[in-house]
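Raw contents of work18.cif, mmCIF, C-alpha atoms (C1' of nucleotides):
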```
data_entry
#
loop_
_atom_site.label_atom_id
_atom_site.label_comp_id
_atom_site.auth_asym_id
_atom_site.auth_seq_id
_atom_site.Cartn_x
_atom_site.Cartn_y
_atom_site.Cartn_z
CA MET D 1 95.47 49.14 170.53
CA LYS D 2 93.36 46.17 169.53
CA LEU D 3 90.35 46.53 167.26
CA ALA D 4 87.92 45.79 170.10
CA ASP D 5 89.54 48.48 172.22
CA LYS D 6 89.28 50.99 169.42
CA LYS D 7 85.59 50.29 169.05
CA GLU D 8 85.13 50.62 172.79
CA LEU D 9 87.06 53.90 172.81
CA LEU D 10 84.84 55.10 170.01
CA GLN D 11 81.68 54.13 171.88
CA LYS D 12 82.87 55.95 174.96
CA TYR D 13 83.75 59.00 172.89
CA LEU D 14 80.32 59.09 171.26
CA HIS D 15 78.54 58.73 174.56
CA GLU D 16 80.62 61.38 176.31
CA LYS D 17 79.90 63.90 173.59
CA GLY D 18 76.21 63.03 173.36
CA LEU D 19 76.59 61.76 169.82
CA LYS D 20 74.48 59.04 168.31
CA SER D 21 75.30 55.89 166.44
CA THR D 22 73.63 55.37 163.11
CA THR D 23 73.62 52.66 160.52
CA GLN D 24 75.63 54.83 158.14
CA ARG D 25 78.21 55.62 160.75
CA ASP D 26 78.52 51.97 161.69
CA ALA D 27 78.94 50.96 158.07
CA ILE D 28 81.65 53.55 157.50
CA ILE D 29 83.48 52.55 160.65
CA ASP D 30 83.28 48.91 159.67
CA VAL D 31 84.66 49.53 156.23
CA PHE D 32 87.37 51.80 157.50
CA PHE D 33 88.60 49.30 160.05
CA LYS D 34 88.87 46.71 157.31
CA THR D 35 91.16 48.83 155.16
CA ASN D 36 94.86 48.41 155.44
CA THR D 37 95.88 51.09 153.03
CA HIS D 38 96.07 54.84 153.27
CA ILE D 39 92.64 55.42 151.89
CA ASN D 40 91.20 58.65 150.58
CA LEU D 41 87.60 59.80 150.96
CA GLU D 42 86.52 58.97 147.44
CA GLU D 43 87.71 55.40 147.70
CA LEU D 44 86.24 54.98 151.16
CA LEU D 45 82.90 56.28 149.92
CA LYS D 46 83.00 53.80 147.06
CA ARG D 47 83.57 50.89 149.38
CA VAL D 48 80.91 52.01 151.84
CA ARG D 49 78.39 52.27 149.01
CA ARG D 50 78.96 48.67 148.07
CA LYS D 51 77.32 47.90 151.42
CA ASN D 52 74.95 50.79 151.65
CA PRO D 53 74.50 52.66 148.35
CA LYS D 54 72.68 55.60 149.83
CA VAL D 55 75.47 56.91 152.01
CA GLY D 56 76.53 60.42 151.07
CA TYR D 57 79.95 61.92 150.66
CA ALA D 58 79.36 64.35 153.50
CA THR D 59 78.62 61.58 155.95
CA VAL D 60 81.84 59.79 155.17
CA TYR D 61 83.69 63.08 155.44
CA ARG D 62 82.13 63.83 158.80
CA THR D 63 82.61 60.34 160.13
CA MET D 64 86.29 60.43 159.31
CA LYS D 65 86.61 63.76 161.11
CA LEU D 66 84.91 62.09 164.05
CA LEU D 67 87.30 59.14 164.02
CA THR D 68 90.22 61.50 163.76
CA GLY D 69 88.94 63.56 166.67
CA CYS D 70 88.48 60.47 168.76
CA GLY D 71 91.98 59.33 167.95
CA VAL D 72 91.33 56.04 166.18
CA ALA D 73 92.17 57.43 162.75
CA ILE D 74 94.93 59.67 161.49
CA GLU D 75 94.85 62.09 158.59
CA ARG D 76 97.83 62.16 156.31
CA GLN D 77 98.96 64.20 153.37
CA PHE D 78 101.68 62.86 151.18
CA GLY D 79 101.83 65.90 148.96
CA ASP D 80 99.52 64.82 146.14
CA GLY D 81 96.72 67.13 147.28
CA GLN D 82 94.60 64.42 148.82
CA THR D 83 93.97 63.67 152.44
CA ARG D 84 94.31 60.02 153.28
CA TYR D 85 93.14 58.20 156.36
CA GLU D 86 94.86 55.47 158.22
CA HIS D 87 93.96 53.66 161.41
CA ILE D 88 96.31 53.87 164.29
CA PRO D 89 98.35 50.71 164.41
CA ASP D 90 97.57 47.88 166.77
CA ASP D 91 100.60 48.39 168.91
CA SER D 92 103.57 50.18 167.56
CA HIS D 93 103.75 53.06 165.21
CA HIS D 94 104.84 52.70 161.65
CA ASP D 95 106.25 55.20 159.24
CA HIS D 96 106.40 55.59 155.49
CA CYS D 97 108.68 55.55 152.50
CA ILE D 98 107.12 57.25 149.51
CA CYS D 99 108.58 56.75 146.06
CA VAL D 100 108.36 60.09 144.29
CA LYS D 101 108.42 58.44 140.89
CA CYS D 102 105.91 55.58 141.01
CA GLY D 103 104.02 56.67 144.11
CA LYS D 104 104.54 53.41 145.93
CA ILE D 105 104.12 53.67 149.68
CA MET D 106 106.01 51.32 151.93
CA GLU D 107 105.78 51.05 155.68
CA PHE D 108 108.40 50.46 158.28
CA GLU D 109 108.78 50.76 161.97
CA ASN D 110 111.67 51.37 164.25
CA GLN D 111 111.52 51.44 168.00
CA LYS D 112 114.75 53.35 168.40
CA ILE D 113 113.38 56.28 166.46
CA GLU D 114 110.16 56.19 168.46
CA HIS D 115 112.18 56.31 171.62
CA LEU D 116 114.37 59.17 170.44
CA GLN D 117 111.31 61.17 169.54
CA LYS D 118 109.95 60.89 173.04
CA GLU D 119 113.26 61.96 174.45
CA ILE D 120 113.44 65.00 172.21
CA ALA D 121 109.88 66.06 172.94
CA GLU D 122 110.44 65.87 176.67
CA LYS D 123 113.43 68.15 176.41
CA MET D 124 111.35 70.67 174.47
CA ASN D 125 108.49 70.47 176.96
CA PHE D 126 106.20 69.24 174.23
CA THR D 127 103.52 66.57 174.59
CA VAL D 128 103.36 64.34 171.54
CA ASN D 129 100.01 62.90 170.53
CA ASN D 130 100.96 61.70 167.15
CA HIS D 131 103.78 61.85 164.70
CA LYS D 132 104.65 61.40 161.10
CA LEU D 133 107.91 60.29 159.63
CA GLU D 134 108.14 60.13 155.89
CA LEU D 135 111.08 59.34 153.67
CA TYR D 136 110.76 60.55 150.11
CA GLY D 137 112.92 59.14 147.36
CA PHE D 138 113.18 56.29 144.90
CA CYS D 139 112.22 52.67 145.44
CA SER D 140 114.47 49.91 144.16
CA LYS D 141 112.61 49.72 140.85
CA CYS D 142 112.62 53.43 140.13
CA ARG D 143 116.23 54.27 140.74
CA ASP D 144 118.71 53.48 138.06
CA MET B 1 124.62 74.56 151.87
CA LYS B 2 125.54 78.20 152.29
CA LEU B 3 123.40 80.99 150.91
CA ALA B 4 125.97 81.89 148.29
CA ASP B 5 126.09 78.30 147.11
CA LYS B 6 122.32 78.15 146.87
CA LYS B 7 122.27 81.25 144.72
CA GLU B 8 124.98 79.81 142.52
CA LEU B 9 123.11 76.51 142.21
CA LEU B 10 120.05 78.47 141.21
CA GLN B 11 121.96 80.44 138.59
CA LYS B 12 123.34 77.28 137.11
CA TYR B 13 119.88 75.69 137.10
CA LEU B 14 118.35 78.66 135.29
CA HIS B 15 121.08 78.72 132.70
CA GLU B 16 120.94 74.98 132.03
CA LYS B 17 117.23 75.11 131.43
CA GLY B 18 117.40 78.25 129.33
CA LEU B 19 115.39 80.24 131.86
CA LYS B 20 115.72 83.92 132.41
CA SER B 21 116.24 86.03 135.46
CA THR B 22 113.82 88.85 136.00
CA THR B 23 113.40 91.58 138.53
CA GLN B 24 110.32 89.87 139.95
CA ARG B 25 112.06 86.55 140.27
CA ASP B 26 115.03 88.15 141.94
CA ALA B 27 112.81 89.98 144.39
CA ILE B 28 110.93 86.81 145.31
CA ILE B 29 114.12 84.84 145.75
CA ASP B 30 115.58 87.57 147.91
CA VAL B 31 112.55 87.71 150.14
CA PHE B 32 112.33 83.95 150.38
CA PHE B 33 115.94 83.55 151.44
CA LYS B 34 115.37 86.09 154.18
CA THR B 35 112.50 84.16 155.74
CA ASN B 36 113.19 81.79 158.54
CA THR B 37 109.68 80.53 158.98
CA HIS B 38 107.59 78.06 157.07
CA ILE B 39 105.97 80.61 154.89
CA ASN B 40 102.87 80.18 152.76
CA LEU B 41 102.31 81.77 149.37
CA GLU B 42 99.96 84.48 150.59
CA GLU B 43 102.42 85.71 153.18
CA LEU B 44 105.32 85.49 150.76
CA LEU B 45 103.37 87.52 148.21
CA LYS B 46 102.63 90.14 150.85
CA ARG B 47 106.28 90.52 151.70
CA VAL B 48 107.37 90.63 148.08
CA ARG B 49 104.83 93.35 147.38
CA ARG B 50 106.33 95.54 150.06
CA LYS B 51 109.35 95.71 147.76
CA ASN B 52 107.62 95.50 144.42
CA PRO B 53 103.85 96.07 144.61
CA LYS B 54 103.17 94.90 141.08
CA VAL B 55 104.24 91.29 141.51
CA GLY B 56 101.40 88.86 140.91
CA TYR B 57 100.36 85.80 142.82
CA ALA B 58 101.09 83.52 139.89
CA THR B 59 104.67 84.68 139.65
CA VAL B 60 105.32 83.93 143.28
CA TYR B 61 103.66 80.56 142.83
CA ARG B 62 105.75 79.72 139.80
CA THR B 63 108.95 80.96 141.34
CA MET B 64 108.44 78.75 144.36
CA LYS B 65 107.85 75.78 142.07
CA LEU B 66 111.08 76.69 140.38
CA LEU B 67 112.98 76.87 143.64
CA THR B 68 111.50 73.56 144.69
CA GLY B 69 112.47 71.96 141.39
CA CYS B 70 115.97 73.28 141.67
CA GLY B 71 116.21 71.92 145.19
CA VAL B 72 116.81 75.07 147.21
CA ALA B 73 113.27 75.10 148.66
CA ILE B 74 111.04 72.39 150.09
CA GLU B 75 107.27 72.24 150.10
CA ARG B 76 105.58 71.14 153.29
CA GLN B 77 102.08 70.44 154.44
CA PHE B 78 101.33 70.43 158.12
CA GLY B 79 97.70 69.47 157.75
CA ASP B 80 96.08 72.90 157.82
CA GLY B 81 95.38 72.84 154.10
CA GLN B 82 98.17 75.16 153.15
CA THR B 83 101.43 74.48 151.43
CA ARG B 84 104.34 76.10 153.15
CA TYR B 85 107.83 76.68 151.84
CA GLU B 86 111.06 76.33 153.66
CA HIS B 87 114.62 76.69 152.53
CA ILE B 88 116.85 73.72 152.83
CA PRO B 89 118.97 74.13 155.91
CA ASP B 90 122.55 75.31 155.78
CA ASP B 91 124.00 72.02 156.81
CA SER B 92 121.93 69.54 158.72
CA HIS B 93 118.32 68.64 158.47
CA HIS B 94 115.79 69.77 161.01
CA ASP B 95 112.37 68.49 161.92
CA HIS B 96 109.23 69.94 163.42
CA CYS B 97 106.97 69.95 166.44
CA ILE B 98 103.53 71.30 165.61
CA CYS B 99 101.14 72.35 168.37
CA VAL B 100 97.68 71.25 167.28
CA LYS B 101 96.04 73.85 169.49
CA CYS B 102 97.87 77.12 168.87
CA GLY B 103 99.60 76.13 165.64
CA LYS B 104 103.06 76.98 166.90
CA ILE B 105 105.80 75.31 164.92
CA MET B 106 109.09 74.50 166.60
CA GLU B 107 112.16 73.03 165.02
CA PHE B 108 114.63 70.51 166.27
CA GLU B 109 117.35 68.36 164.89
CA ASN B 110 118.81 65.08 165.91
CA GLN B 111 121.68 63.37 164.21
CA LYS B 112 120.88 59.97 165.65
CA ILE B 113 117.49 59.94 164.00
CA GLU B 114 119.00 61.05 160.71
CA HIS B 115 121.45 58.23 160.91
CA LEU B 116 118.81 55.63 161.77
CA GLN B 117 116.77 56.74 158.80
CA LYS B 118 119.62 56.12 156.44
CA GLU B 119 120.15 52.71 157.94
CA ILE B 120 116.50 51.77 157.55
CA ALA B 121 116.30 53.00 153.99
CA GLU B 122 119.34 50.98 153.00
CA LYS B 123 117.78 47.82 154.38
CA MET B 124 114.64 48.48 152.35
CA ASN B 125 116.60 49.20 149.20
CA PHE B 126 115.20 52.70 149.11
CA THR B 127 117.08 55.84 148.12
CA VAL B 128 116.12 58.79 150.30
CA ASN B 129 116.16 62.25 148.77
CA ASN B 130 114.30 64.05 151.46
CA HIS B 131 112.36 63.34 154.58
CA LYS B 132 109.85 64.79 156.98
CA LEU B 133 109.53 64.10 160.64
CA GLU B 134 106.71 65.85 162.40
CA LEU B 135 105.57 65.57 165.98
CA TYR B 136 102.00 66.71 166.60
CA GLY B 137 100.78 67.52 170.08
CA PHE B 138 100.63 70.29 172.65
CA CYS B 139 103.26 72.86 173.39
CA SER B 140 104.03 73.76 177.00
CA LYS B 141 101.53 76.62 176.96
CA CYS B 142 98.65 74.66 175.49
CA ARG B 143 98.70 71.58 177.62
CA ASP B 144 97.14 71.75 181.05
"C1'" DA I 1 55.24 52.50 173.05
"C1'" DT I 2 55.15 57.60 172.36
"C1'" DT I 3 57.10 61.84 172.20
"C1'" DG I 4 60.25 65.59 171.61
"C1'" DA I 5 64.73 67.59 171.49
"C1'" DA I 6 69.08 67.08 169.65
"C1'" DA I 7 71.91 65.08 166.38
"C1'" DA I 8 72.70 62.91 161.74
"C1'" DT I 9 71.99 62.61 156.97
"C1'" DG I 10 72.54 63.64 152.06
"C1'" DA I 11 72.17 66.76 148.42
"C1'" DT I 12 74.00 70.76 147.38
"C1'" DT I 13 76.47 75.08 147.66
"C1'" DT I 14 80.35 77.64 149.12
"C1'" DT I 15 85.00 78.21 150.01
"C1'" DT I 16 89.76 77.83 149.41
"C1'" DA I 17 94.08 76.70 147.71
"C1'" DC I 18 96.17 75.38 143.79
"C1'" DT I 19 96.82 75.12 138.75
"C1'" DA I 20 96.17 76.50 133.93
"C1'" DT I 21 95.43 79.93 130.32
"C1'" DC I 22 96.56 83.69 127.38
"C1'" DA I 23 97.51 88.24 125.70
"C1'" DT I 24 101.17 91.26 126.64
"C1'" DT I 25 105.75 92.33 128.19
"C1'" DT I 26 110.55 91.36 128.96
"C1'" DA I 27 115.20 89.18 128.68
"C1'" DG I 28 119.03 87.82 126.35
"C1'" DT I 29 121.31 86.31 122.10
"C1'" DC I 30 122.71 87.42 117.57
"C1'" DG G 1 118.24 97.10 117.61
"C1'" DA G 2 115.58 92.92 116.15
"C1'" DC G 3 114.05 88.45 117.02
"C1'" DT G 4 112.68 84.47 119.65
"C1'" DA G 5 111.56 82.25 123.67
"C1'" DA G 6 110.41 82.82 128.26
"C1'" DA G 7 108.08 85.49 132.02
"C1'" DT G 8 104.44 88.12 133.77
"C1'" DG G 9 99.95 89.20 135.80
"C1'" DA G 10 95.17 89.06 135.57
"C1'" DT G 11 91.91 85.91 135.59
"C1'" DA G 12 89.55 81.55 134.75
"C1'" DG G 13 89.31 76.70 135.92
"C1'" DT G 14 89.72 72.69 139.17
"C1'" DA G 15 89.37 69.76 142.85
"C1'" DA G 16 89.09 68.80 147.53
"C1'" DA G 17 87.48 70.37 151.87
"C1'" DA G 18 84.08 72.64 154.55
"C1'" DA G 19 79.52 74.64 155.32
"C1'" DT G 20 74.48 74.81 154.76
"C1'" DC G 21 69.86 73.33 155.42
"C1'" DA G 22 65.57 70.84 155.05
"C1'" DT G 23 64.43 66.32 156.28
"C1'" DT G 24 65.11 62.12 158.85
"C1'" DT G 25 66.68 59.43 162.69
"C1'" DT G 26 68.17 58.38 167.34
"C1'" DC G 27 67.51 57.91 172.10
"C1'" DA G 28 66.31 59.34 176.67
"C1'" DA G 29 62.40 60.64 179.29
"C1'" DT G 30 58.09 59.83 179.95
#
```
Produce structure tokens that represent the structure in this file.
Amino acid sequence: MKLADKKELLQKYLHEKGLKSTTQRDAIIDVFFKTNTHINLEELLKRVRRKNPKVGYATVYRTMKLLTGCGVAIERQFGDGQTRYEHIPDDSHHDHCICVKCGKIMEFENQKIEHLQKEIAEKMNFTVNNHKLELYGFCSKCRD
Amino acid sequence: MKLADKKELLQKYLHEKGLKSTTQRDAIIDVFFKTNTHINLEELLKRVRRKNPKVGYATVYRTMKLLTGCGVAIERQFGDGQTRYEHIPDDSHHDHCICVKCGKIMEFENQKIEHLQKEIAEKMNFTVNNHKLELYGFCSKCRD
DNA sequence: ATTGAAAATGATTTTTACTATCATTTAGTC
DNA sequence: GACTAAATGATAGTAAAAATCATTTTCAAT
């Protein structure tokens, strides 16, 4: 999905649910869509405040829940006790390698796996909205 | 890995590290190896207390950390804010479908995906110890 | 443009799961 | 059986997520 489409989807979602758009919300959405990392709330708040210093933690928290509910953001937990947010990719899905030593997160994508997942889900009579594939281990620098 | 092998691995691990075996620890390990679900600490504690009512939360917590460190248990987070524990499967790996409405967790396994993962990791120069594949969506009962 | 109802905000509190602490008990070696 | 190190369990501490609430803002209907 392209950025413009995401914003349109979001607009539609807000309108359908009778929600309002505010300057804070817009700022948070803007900042979030500019990230390309798996950002946590604290960091997101920090960046938003560079634009608009009066935005509160709760608003960022709630806005991210909103984006997640609408489907333009995804929550992730990589096991370090923090929830991270990521936007859904422009077209294809990507997955993660997490180095358990240095914490480095790498992305990859593979269409074959995507396809297999769909196949499996169909067999199980399960409708997939979203998925997570994470490989945990050692990156090239950390193994020896 | 067979149950007997897991217990042996655990024994070896304890001995190497100079750790001791206690009645509490044994009870927890016993109960854990009998579960076939993705159990959280609270539930595990409850079951252990049916055998030995004096076992404390902290002991269960620490024992599960121990089992995780030794490699016979795996910690998982499915996004509901709780850490769940699972034993490593007897032979092959399995993955999960999680219904976001009713919370039902189903398991599946697919050798092709396992194989593709290894291939991908090799290309990226990454050594995989462990992985998680989770499909989030609606089970047959919850979609309509 | 004004108004009024509903939603949003931000500061704060509450909750919850996880982790750390510490005095006491226990295990296992000598 | 004594000694030393580890384990236990009760509880305190933490940190992130979720809830609360008085005040402010949005936006549709006038």
*asked:* Near chain G, meaning an atom within 12 Å, which residues of chain B appear when counting all atoms listed in the file? Write them as a list of chain:residue names.
replied: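 Taken together, these residues fit the definition: B:Leu14, B:Lys17, B:Gly18, B:Leu19, B:Lys20, B:Ser21, B:Thr22, B:Thr23, B:Gln24, B:Arg25, B:Pro53, B:Lys54, B:Val55, B:Gly56, B:Tyr57, B:Ala58, B:Thr59, B:Val60, B:Tyr61, B:Arg62, B:Thr63, B:Gly79, B:Asp80, B:Gly81, B:Gln82.
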*Select residues of chain D: the criterion is any atom within 12 Å of an atom of chain B, counting all atoms listed in the file; output as a ChimeraX atom specification.*
/D:69,74-84,95-101,104-144
*Quick one: superpose chain B on chain D on all Cα atoms, same order, and give the RMSD.*
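It is 0.5 Å.
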*Interface residues on chain I facing chain D, 10 Å, all atoms listed in the file, written as a ChimeraX atom specification*: /I:6-11,17-18
*Mind giving me the straight-line distance from atom C1' of I:DT26 to atom CA of B:Glu43 in Å, one decimal?*
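Going from atom C1' of I:DT26 over to atom CA of B:Glu43, I get 26.2 Å.
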*Work out how far atom CA of D:Thr35 is from atom CA of D:Lys65, in Å to one decimal.*
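Going from atom CA of D:Lys65 over to atom CA of D:Thr35, I get 16.7 Å.
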Put the listed atoms of stretch 21-30 of chain G in a box along x, y and z with 3 Å added on every side and give me the centre and edge lengths in Å to one decimal, as lines of an AutoDock Vina configuration file.
```
center_x = 64.0
center_y = 65.6
center_z = 167.5
size_x = 17.8
size_y = 21.4
size_z = 30.9
```
_atom CA of B:Thr68 to atom CA of B:Phe32, straight-line distance in Å_ = 11.9 Å
